[in-house]
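Q: What follows is data_29.txt, made up of compact mmCIF, C-alpha atoms and all ligand atoms:
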# COMPACT_ATOMS: atom_id res chain seq x y z
CA MET W 1 10.78 -26.68 -2.67
CA THR W 2 7.50 -28.22 -1.61
CA MET W 3 9.30 -30.95 0.28
CA LYS W 4 11.05 -28.37 2.42
CA ASN W 5 7.83 -26.57 3.30
CA ARG W 6 6.93 -26.72 6.92
CA PRO W 7 3.76 -28.80 7.50
CA HIS W 8 0.77 -26.71 8.52
CA PRO W 9 -0.22 -27.81 11.99
CA ARG W 10 -3.84 -27.28 12.97
CA PRO W 11 -3.35 -27.40 16.72
CA SER W 12 -6.09 -26.57 19.14
CA HIS W 13 -4.06 -23.68 20.57
CA PRO W 14 -6.01 -20.53 21.25
CA ARG W 15 -5.68 -17.82 18.59
CA ARG W 16 -2.72 -15.53 19.15
CA ASN W 17 -2.08 -11.92 18.22
CA ALA W 18 0.12 -11.10 15.25
CA ALA W 19 2.58 -8.21 15.17
CA ILE W 20 4.95 -6.46 12.80
CA VAL W 21 8.49 -7.27 13.95
CA GLY W 22 10.53 -5.61 11.18
CA THR W 23 9.96 -3.13 8.36
CA GLY W 24 11.80 -2.02 5.24
CA ALA W 25 11.35 0.39 2.35
CA TYR W 26 12.87 1.15 -1.01
CA LEU W 27 12.44 4.29 -3.08
CA PRO W 28 13.99 4.67 -6.53
CA GLU W 29 16.59 7.41 -6.89
CA ARG W 30 15.00 9.43 -9.67
CA VAL W 31 12.90 12.32 -8.36
CA LEU W 32 10.20 13.76 -10.64
CA THR W 33 9.22 17.24 -9.47
CA ASN W 34 6.07 19.26 -10.07
CA ALA W 35 8.24 21.71 -12.02
CA GLU W 36 9.14 18.94 -14.47
CA LEU W 37 5.47 17.96 -14.82
CA GLU W 38 4.66 21.57 -15.71
CA LYS W 39 6.76 20.98 -18.85
CA MET W 40 5.03 17.69 -19.68
CA VAL W 41 1.30 18.53 -19.28
CA ASP W 42 -0.90 21.60 -18.78
CA THR W 43 -0.51 21.87 -15.00
CA THR W 44 1.13 24.03 -12.35
CA ASN W 45 3.09 23.35 -9.18
CA ASP W 46 0.50 25.44 -7.35
CA TRP W 47 -2.46 23.35 -8.64
CA ILE W 48 -0.77 20.07 -7.72
CA ILE W 49 0.19 21.21 -4.23
CA THR W 50 -3.12 22.83 -3.32
CA ARG W 51 -5.31 20.05 -4.78
CA THR W 52 -3.22 17.06 -3.69
CA GLY W 53 -0.37 18.00 -1.32
CA ILE W 54 2.22 16.34 -3.60
CA SER W 55 5.53 18.08 -4.46
CA GLU W 56 7.52 15.26 -5.99
CA ARG W 57 7.47 11.54 -6.59
CA ARG W 58 10.02 8.80 -7.36
CA ILE W 59 10.27 7.03 -10.71
CA ALA W 60 11.88 3.61 -11.09
CA ALA W 61 14.61 3.09 -13.69
CA ALA W 62 13.71 1.38 -16.98
CA ASP W 63 15.35 -1.84 -15.79
CA GLU W 64 14.03 -1.64 -12.22
CA PHE W 65 10.82 -3.60 -11.66
CA THR W 66 8.22 -4.15 -8.96
CA SER W 67 10.02 -7.35 -7.90
CA ASP W 68 13.39 -5.55 -7.58
CA MET W 69 11.93 -2.82 -5.39
CA GLY W 70 9.90 -5.32 -3.36
CA ALA W 71 12.96 -7.51 -2.81
CA ALA W 72 15.03 -4.52 -1.64
CA ALA W 73 12.35 -3.51 0.89
CA ALA W 74 11.97 -7.15 1.97
CA ARG W 75 15.72 -7.60 2.57
CA MET W 76 15.67 -4.57 4.85
CA ALA W 77 12.63 -5.85 6.77
CA ILE W 78 14.28 -9.27 7.19
CA ALA W 79 17.43 -7.63 8.59
CA LYS W 80 15.42 -5.38 10.93
CA ALA W 81 13.44 -8.38 12.21
CA GLY W 82 16.69 -10.30 12.76
CA ILE W 83 15.44 -13.38 10.93
CA SER W 84 16.77 -15.50 8.09
CA PRO W 85 14.98 -15.58 4.70
CA THR W 86 14.48 -19.30 5.24
CA ASP W 87 12.36 -18.56 8.31
CA ILE W 88 9.67 -17.10 6.06
CA ASP W 89 6.63 -19.33 5.54
CA LEU W 90 4.66 -17.09 3.20
CA VAL W 91 5.35 -14.11 0.92
CA ILE W 92 2.37 -11.90 0.07
CA LEU W 93 3.01 -9.17 -2.47
CA ALA W 94 0.33 -6.51 -2.80
CA THR W 95 0.64 -4.83 -6.18
CA SER W 96 -1.29 -3.53 -9.16
CA THR W 97 1.85 -3.53 -11.28
CA PRO W 98 3.32 -7.05 -11.16
CA ASP W 99 6.32 -7.68 -13.43
CA THR W 100 4.07 -10.02 -15.42
CA ILE W 101 0.42 -11.05 -15.03
CA PHE W 102 1.79 -14.51 -14.36
CA PRO W 103 3.81 -15.90 -12.79
CA SER W 104 3.44 -13.71 -9.74
CA ALA W 105 6.06 -11.12 -8.86
CA ALA W 106 5.86 -12.61 -5.35
CA CYS W 107 7.49 -15.80 -6.70
CA ARG W 108 10.29 -13.73 -8.23
CA ILE W 109 10.84 -12.00 -4.89
CA GLN W 110 10.78 -15.31 -3.02
CA HIS W 111 13.65 -16.46 -5.24
CA MET W 112 15.55 -13.15 -5.12
CA ILE W 113 15.61 -13.02 -1.32
CA GLY W 114 16.20 -16.76 -0.82
CA ALA W 115 12.94 -17.48 1.02
CA THR W 116 13.21 -21.03 -0.20
CA ARG W 117 10.64 -22.53 2.21
CA ALA W 118 7.94 -19.96 1.52
CA ALA W 119 4.76 -20.10 -0.51
CA ALA W 120 4.28 -16.88 -2.47
CA PHE W 121 1.47 -15.07 -4.22
CA ASP W 122 0.43 -11.67 -5.54
CA LEU W 123 -2.57 -9.96 -4.03
CA GLN W 124 -4.64 -7.48 -6.01
CA ALA W 125 -6.60 -5.00 -3.91
CA ALA W 126 -5.08 -1.84 -5.44
CA CYS W 127 -4.17 0.76 -2.80
CA SER W 128 -5.70 -1.30 0.03
CA GLY W 129 -3.45 -4.24 -0.87
CA PHE W 130 -0.89 -3.95 1.91
CA LEU W 131 -3.60 -3.89 4.59
CA TYR W 132 -5.43 -6.78 2.91
CA GLY W 133 -2.09 -8.65 2.99
CA MET W 134 -1.52 -7.82 6.63
CA ILE W 135 -4.99 -9.08 7.53
CA ILE W 136 -4.42 -12.33 5.62
CA ALA W 137 -1.02 -12.76 7.29
CA GLU W 138 -2.67 -12.24 10.66
CA GLN W 139 -5.05 -15.16 10.01
CA PHE W 140 -2.19 -17.57 9.26
CA ILE W 141 -0.29 -16.46 12.35
CA ALA W 142 -3.28 -16.32 14.70
CA SER W 143 -4.30 -19.85 13.70
CA HIS W 144 -0.72 -21.17 14.23
CA ALA W 145 -0.56 -22.28 10.58
CA HIS W 146 2.50 -20.05 10.02
CA GLU W 147 5.18 -18.47 12.19
CA THR W 148 6.60 -15.84 9.83
CA VAL W 149 4.90 -14.00 6.98
CA LEU W 150 6.46 -11.34 4.75
CA VAL W 151 3.97 -8.77 3.47
CA ILE W 152 5.14 -6.38 0.75
CA GLY W 153 3.56 -3.48 -1.11
CA SER W 154 5.52 -2.67 -4.26
CA GLU W 155 4.46 -0.61 -7.25
CA LYS W 156 5.90 0.64 -10.51
CA LEU W 157 2.90 2.85 -11.24
CA SER W 158 4.96 4.93 -13.66
CA SER W 159 4.62 1.97 -16.04
CA ILE W 160 0.81 2.28 -16.16
CA VAL W 161 0.44 6.07 -15.99
CA ASN W 162 -0.64 7.95 -19.10
CA TRP W 163 1.96 10.73 -19.07
CA GLU W 164 -0.28 12.87 -21.28
CA ASP W 165 -3.22 12.80 -18.82
CA ARG W 166 -2.89 15.63 -16.31
CA ASN W 167 -5.80 14.24 -14.28
CA THR W 168 -3.73 11.25 -13.20
CA CYS W 169 -0.04 11.62 -14.06
CA VAL W 170 0.62 14.16 -11.31
CA LEU W 171 -0.64 11.80 -8.61
CA PHE W 172 1.37 8.60 -8.70
CA GLY W 173 4.89 7.40 -7.90
CA ASP W 174 6.98 4.24 -7.55
CA GLY W 175 8.32 2.51 -4.43
CA ALA W 176 8.08 -0.42 -2.07
CA GLY W 177 7.58 -1.17 1.61
CA ALA W 178 7.67 -4.44 3.51
CA ALA W 179 6.86 -5.89 6.91
CA ILE W 180 7.76 -9.14 8.64
CA MET W 181 4.89 -10.45 10.73
CA GLN W 182 5.09 -13.00 13.52
CA ALA W 183 3.22 -13.84 16.73
CA ALA W 184 3.28 -10.79 19.00
CA PRO W 185 6.34 -11.03 21.26
CA GLU W 186 5.89 -11.24 25.04
CA GLY W 187 4.50 -7.98 26.39
CA LYS W 188 3.33 -6.65 23.01
CA ARG W 189 -0.26 -6.76 21.80
CA GLY W 190 0.30 -6.24 18.05
CA LEU W 191 -2.81 -6.22 15.87
CA LEU W 192 -5.89 -5.42 17.95
CA ALA W 193 -8.59 -5.14 15.29
CA THR W 194 -8.99 -5.06 11.52
CA ASP W 195 -11.64 -4.36 8.91
CA MET W 196 -11.75 -4.89 5.15
CA GLY W 197 -14.38 -4.49 2.46
CA SER W 198 -15.08 -3.87 -1.20
CA ASP W 199 -17.73 -2.57 -3.59
CA GLY W 200 -17.52 -4.16 -7.02
CA ALA W 201 -20.30 -1.90 -8.30
CA GLN W 202 -17.63 0.80 -8.56
CA THR W 203 -15.06 -0.97 -10.75
CA ASP W 204 -15.11 1.64 -13.49
CA ILE W 205 -14.32 4.79 -11.49
CA LEU W 206 -10.70 3.72 -10.93
CA HIS W 207 -9.28 1.12 -13.27
CA MET W 208 -6.93 0.10 -16.05
CA PRO W 209 -9.31 -0.98 -18.82
CA ALA W 210 -6.87 -2.96 -20.98
CA GLY W 211 -4.24 -5.63 -20.48
CA GLY W 212 -6.46 -8.35 -19.03
CA CYS W 213 -8.69 -10.84 -20.89
CA ARG W 214 -11.50 -8.27 -21.05
CA MET W 215 -9.48 -6.05 -23.39
CA PRO W 216 -6.28 -7.67 -24.65
CA ILE W 217 -3.57 -5.34 -25.92
CA THR W 218 -3.96 -4.46 -29.60
CA PRO W 219 -2.49 -1.58 -31.63
CA GLU W 220 -5.86 0.28 -31.24
CA VAL W 221 -5.87 -0.21 -27.47
CA LEU W 222 -2.30 1.09 -27.26
CA ALA W 223 -3.12 4.09 -29.44
CA GLN W 224 -6.02 4.98 -27.10
CA LYS W 225 -3.77 4.43 -24.05
CA LYS W 226 -6.33 2.11 -22.49
CA ASN W 227 -3.51 0.20 -20.81
CA SER W 228 -3.14 3.01 -18.29
CA ILE W 229 -4.85 4.29 -15.14
CA HIS W 230 -8.31 5.80 -15.76
CA MET W 231 -9.96 7.58 -12.88
CA SER W 232 -13.05 9.68 -12.17
CA GLY W 233 -11.23 11.74 -9.56
CA LYS W 234 -14.21 13.47 -7.95
CA GLU W 235 -16.26 10.26 -7.55
CA VAL W 236 -13.28 8.40 -6.12
CA TYR W 237 -12.61 11.29 -3.77
CA ARG W 238 -16.16 11.31 -2.37
CA TYR W 239 -16.26 7.54 -1.96
CA ALA W 240 -12.80 7.45 -0.38
CA VAL W 241 -13.66 9.82 2.44
CA GLY W 242 -16.83 7.90 3.42
CA ALA W 243 -15.33 4.42 3.10
CA MET W 244 -12.07 5.21 4.93
CA ASN W 245 -13.95 6.89 7.72
CA ALA W 246 -16.45 4.03 8.15
CA SER W 247 -13.69 1.40 8.09
CA ALA W 248 -11.56 3.31 10.60
CA GLU W 249 -14.55 3.66 12.93
CA ARG W 250 -15.23 -0.10 12.69
CA SER W 251 -11.64 -1.05 13.53
CA LEU W 252 -11.51 1.41 16.38
CA GLN W 253 -14.75 0.11 17.83
CA LEU W 254 -13.59 -3.51 17.54
CA SER W 255 -10.28 -2.65 19.22
CA GLY W 256 -12.01 -1.10 22.21
CA LEU W 257 -9.95 2.08 21.72
CA SER W 258 -11.17 5.57 20.88
CA ALA W 259 -9.59 8.16 18.60
CA ALA W 260 -8.15 9.84 21.70
CA ASP W 261 -6.15 6.66 22.45
CA LEU W 262 -4.34 6.81 19.10
CA GLN W 263 -0.82 8.21 18.97
CA TRP W 264 -0.67 8.01 15.16
CA VAL W 265 -2.87 7.53 12.11
CA ILE W 266 -1.16 6.24 8.95
CA PRO W 267 -3.58 6.76 6.07
CA HIS W 268 -3.24 5.82 2.43
CA GLN W 269 -1.40 8.71 0.80
CA ALA W 270 -3.64 9.65 -2.15
CA ASN W 271 -4.57 13.24 -1.42
CA LEU W 272 -3.92 15.51 1.54
CA ARG W 273 -7.49 16.82 1.38
CA ILE W 274 -8.91 13.27 1.61
CA ILE W 275 -6.62 12.58 4.57
CA SER W 276 -7.61 15.73 6.43
CA SER W 277 -11.35 15.10 5.85
CA VAL W 278 -11.04 11.55 7.18
CA THR W 279 -8.96 12.45 10.22
CA GLU W 280 -11.12 15.48 11.02
CA ARG W 281 -14.23 13.26 11.04
CA LEU W 282 -12.39 10.85 13.34
CA GLY W 283 -11.40 13.71 15.63
CA VAL W 284 -7.65 13.26 15.13
CA GLY W 285 -5.52 16.38 14.55
CA MET W 286 -3.09 16.48 11.62
CA ASP W 287 -0.23 16.58 14.17
CA ARG W 288 -1.00 12.88 14.78
CA VAL W 289 -1.04 11.88 11.09
CA ILE W 290 1.97 10.36 9.31
CA LEU W 291 2.42 11.82 5.83
CA ASN W 292 4.84 11.09 3.02
CA LEU W 293 2.79 12.01 -0.05
CA GLU W 294 4.56 15.34 -0.40
CA ARG W 295 7.77 13.45 -1.29
CA TYR W 296 6.46 10.26 -2.88
CA GLY W 297 2.93 10.93 -4.18
CA ASN W 298 0.53 8.00 -4.25
CA THR W 299 2.53 4.75 -4.36
CA SER W 300 -0.66 2.67 -3.99
CA ALA W 301 -0.03 -0.52 -2.00
CA ALA W 302 3.42 0.76 -1.00
CA CYS W 303 2.26 3.96 0.76
CA ILE W 304 1.47 2.51 4.17
CA PRO W 305 4.49 0.20 4.59
CA ILE W 306 6.86 2.96 3.43
CA ALA W 307 5.29 5.37 5.95
CA LEU W 308 5.42 2.72 8.70
CA HIS W 309 9.08 2.05 8.04
CA GLU W 310 10.17 5.68 7.81
CA SER W 311 8.27 6.79 10.89
CA SER W 312 9.47 3.93 13.05
CA GLU W 313 13.08 4.44 11.88
CA SER W 314 12.92 8.17 12.61
CA GLY W 315 11.62 7.44 16.11
CA LYS W 316 8.28 9.16 15.49
CA ILE W 317 6.44 5.91 16.19
CA LYS W 318 7.54 4.31 19.43
CA ALA W 319 7.03 0.90 21.01
CA GLY W 320 3.66 0.82 22.74
CA ASP W 321 2.07 3.49 20.51
CA ASN W 322 -1.45 2.79 19.26
CA LEU W 323 -1.68 3.14 15.48
CA LEU W 324 -4.60 3.27 13.08
CA LEU W 325 -3.80 2.27 9.48
CA VAL W 326 -6.48 2.96 6.90
CA ALA W 327 -6.54 2.62 3.12
CA PHE W 328 -8.79 2.90 0.12
CA GLY W 329 -8.35 1.98 -3.55
CA GLY W 330 -9.55 0.62 -6.86
CA GLY W 331 -12.08 -2.19 -6.76
CA LEU W 332 -13.30 -0.33 -4.90
CA THR W 333 -11.61 -1.68 -1.79
CA TRP W 334 -10.91 -0.41 1.70
CA ALA W 335 -9.27 -1.72 4.86
CA SER W 336 -8.09 -0.59 8.25
CA ALA W 337 -6.24 -1.91 11.27
CA VAL W 338 -5.62 -0.80 14.84
CA LEU W 339 -2.41 -2.06 16.38
CA GLU W 340 -0.03 -1.55 19.24
CA TRP W 341 3.47 -0.90 17.88
O1 LIG I 1 -5.25 5.79 -4.55
C1 LIG I 1 -6.63 5.83 -4.61
C2 LIG I 1 -7.31 6.56 -5.47
N1 LIG I 1 -7.16 7.86 -5.93
C3 LIG I 1 -7.63 8.89 -5.22
O2 LIG I 1 -7.96 8.80 -4.07
C4 LIG I 1 -7.80 10.20 -5.95
C5 LIG I 1 -9.10 10.87 -5.58
N2 LIG I 1 -9.33 12.12 -6.23
C6 LIG I 1 -8.55 13.20 -6.07
O3 LIG I 1 -7.57 13.17 -5.35
C7 LIG I 1 -8.97 14.49 -6.74
O4 LIG I 1 -10.26 14.35 -7.29
C8 LIG I 1 -7.99 14.97 -7.85
C9 LIG I 1 -6.70 15.44 -7.21
C10 LIG I 1 -7.71 13.84 -8.79
C11 LIG I 1 -8.60 16.13 -8.59
O5 LIG I 1 -8.93 17.18 -7.69
P1 LIG I 1 -10.36 17.88 -7.75
O6 LIG I 1 -10.36 18.98 -6.79
O7 LIG I 1 -11.40 16.81 -7.59
O8 LIG I 1 -10.37 18.49 -9.20
P2 LIG I 1 -11.32 18.18 -10.43
O9 LIG I 1 -11.13 16.82 -10.95
O10 LIG I 1 -12.72 18.60 -10.08
O11 LIG I 1 -10.78 19.22 -11.45
C12 LIG I 1 -10.88 20.63 -11.22
C13 LIG I 1 -10.26 21.31 -12.41
C14 LIG I 1 -10.79 20.80 -13.74
O12 LIG I 1 -10.90 21.89 -14.62
P3 LIG I 1 -12.32 22.58 -14.93
O13 LIG I 1 -13.16 21.47 -15.47
O14 LIG I 1 -12.79 23.09 -13.59
O15 LIG I 1 -11.96 23.64 -15.89
C15 LIG I 1 -9.69 19.87 -14.21
O16 LIG I 1 -9.65 19.75 -15.60
O17 LIG I 1 -8.86 21.09 -12.41
C16 LIG I 1 -8.47 20.58 -13.69
N3 LIG I 1 -7.32 19.72 -13.53
C17 LIG I 1 -6.06 20.19 -13.49
N4 LIG I 1 -5.57 21.43 -13.61
C18 LIG I 1 -4.23 21.57 -13.52
C19 LIG I 1 -7.29 18.37 -13.35
N5 LIG I 1 -6.02 17.96 -13.21
C20 LIG I 1 -5.25 19.06 -13.29
C21 LIG I 1 -3.86 19.27 -13.22
N6 LIG I 1 -3.41 20.53 -13.34
N7 LIG I 1 -2.98 18.27 -13.00
How does the structure come out when it is put into structure tokens?

A:
Amino acid sequence: MTMKNRPHPRPSHPRRNAAIVGTGAYLPERVLTNAELEKMVDTTNDWIITRTGISERRIAAADEFTSDMGAAAARMAIAKAGISPTDIDLVILATSTPDTIFPSAACRIQHMIGATRAAAFDLQAACSGFLYGMIIAEQFIASHAHETVLVIGSEKLSSIVNWEDRNTCVLFGDGAGAAIMQAAPEGKRGLLATDMGSDGAQTDILHMPAGGCRMPITPEVLAQKKNSIHMSGKEVYRYAVGAMNASAERSLQLSGLSAADLQWVIPHQANLRIISSVTERLGVGMDRVILNLERYGNTSAACIPIALHESSESGKIKAGDNLLLVAFGGGLTWASAVLEW
């Protein structure tokens, strides 16, 4: 394949804006409701709704993997963008649940969708992964190194949830979203400003302890369910509100826009209370916030591209709208972007 790769020119052209030119999403069929969770752990529908805003989430089939969901979302984004898979120069898959630690699930997707010219890699920034991917894609496009980049967020979180832990199992779901990025077409400004950051001092408040070289899988590790999501919910909550707010403020300032100029905010869908604290601090009413966590829960890196796709398909988001995307996740990581749709 290498021989078919397009050479990377390093021309002295001025940087150009990148834009999303097509989106796609895939949600597995199986719906897991709060009522069903009431039968699995000591919880109630009322607790889950009032503390998180989540009513139901999707669960992938046993033989349906992160790469399958990512490829389905990618195919839709390719069709919406009106491009051919062979136009794609780079595939970036943001995920915390790759099919295998290596090779990357991005390489599987590259093959599944026939993006034969593309380089492909997985990106690990937990729930901020899609925005990290978008920001990386922007650099390749702005510098003229690439014309077309596919950015995907796909997660099978159900495979790393401890279904006996009520603190976490009610929160997460499976799904995928994708975006094709290219140079902003004539008359469109695309990405106006971005921000990303991380704080590695906080690795242990949201993590999966086992499964990497630090704690290989052994019968003891499996018995203790250390190969599943562990989270100090309250600490993550507090950090999330501050970090998302600061990042959003930075992107807004860099973009030259104010909160009043935004038609829509698309936040990471972890908890309705986190979202309302962040948007309240920004001075954006909930009537300008895109939400899907009620139906899908927290799908980590897939939340934002799924929300982008659904809200642009439904006509909520219109060409020319100013959007703020903002995310937060394990690492800890955070990222935001202001763009003209
Ligand atoms: O994607 C990125 C990362 N993740 C997040 O952003 C999640 C951030 N954190 C949160 O969203 C919230 O902290 C949670 C939703 C996880 C928890 O909400 P909380 O208001 O912070 O509750 P809490 O952890 O303080 O727990 C309050 C009580 C506890 O009982 P006691 O100690 O007061 O008796 C928990 O044991 O609620 C209990 N509890 C539950 N009760 C019923 C915890 N989980 C459940 C549950 N059902 N599922």

Q: One number please: CA of Leu254 in chain W to CA of Ala193 in chain W, in Å, one decimal.

A: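 Those two atoms sit 5.7 Å apart.
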
Q: Please give me, as a list in words, the residues lying within 7 Å of ligand LIG 1 (chain I) when counting only C-alpha atoms and all ligand atoms.

A: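 Written in the requested form, the residues are Asp42, Thr43, Thr44, Trp47, Ile48, Arg51, Thr52, Cys127, Arg166, Asn167, Thr168, Val170, Gly233, Lys234, Val236, Tyr237, Ala240, Ala270, Asn271, Asn298, Ser300, Phe328, Gly329 and Gly330 of chain W.
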
Q: For CA of Arg273 in chain W and CA of Ser311 in chain W, quote the distance in Å rounded to one decimal.

A: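 Between CA of Arg273 in chain W and CA of Ser311 in chain W the gap works out to 21.0 Å.
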
Q: Find the residues near Pro85 in chain W: any atom within 12 Å, counting only C-alpha atoms, skip ones fewer than 6 places away on the same chain, and give them as a PyMOL selection string.

A: chain W and resi 71+74-79+91+109-118+148-150+180

Q: Mind giving me the straight-line distance from CA of His144 in chain W to CA of Arg189 in chain W in Å, one decimal?

A: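 That distance, rounded to one decimal, is 16.3 Å.
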
Q: Tell me which of W:Ala145, W:Ile306, W:Ala72, W:Ala243 sits closest to Ser198 in chain W, counting all atoms listed in the file.

A: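 Comparing W:Ala145, W:Ile306, W:Ala72, W:Ala243 against Ser198 in chain W, the winner is W:Ala243.
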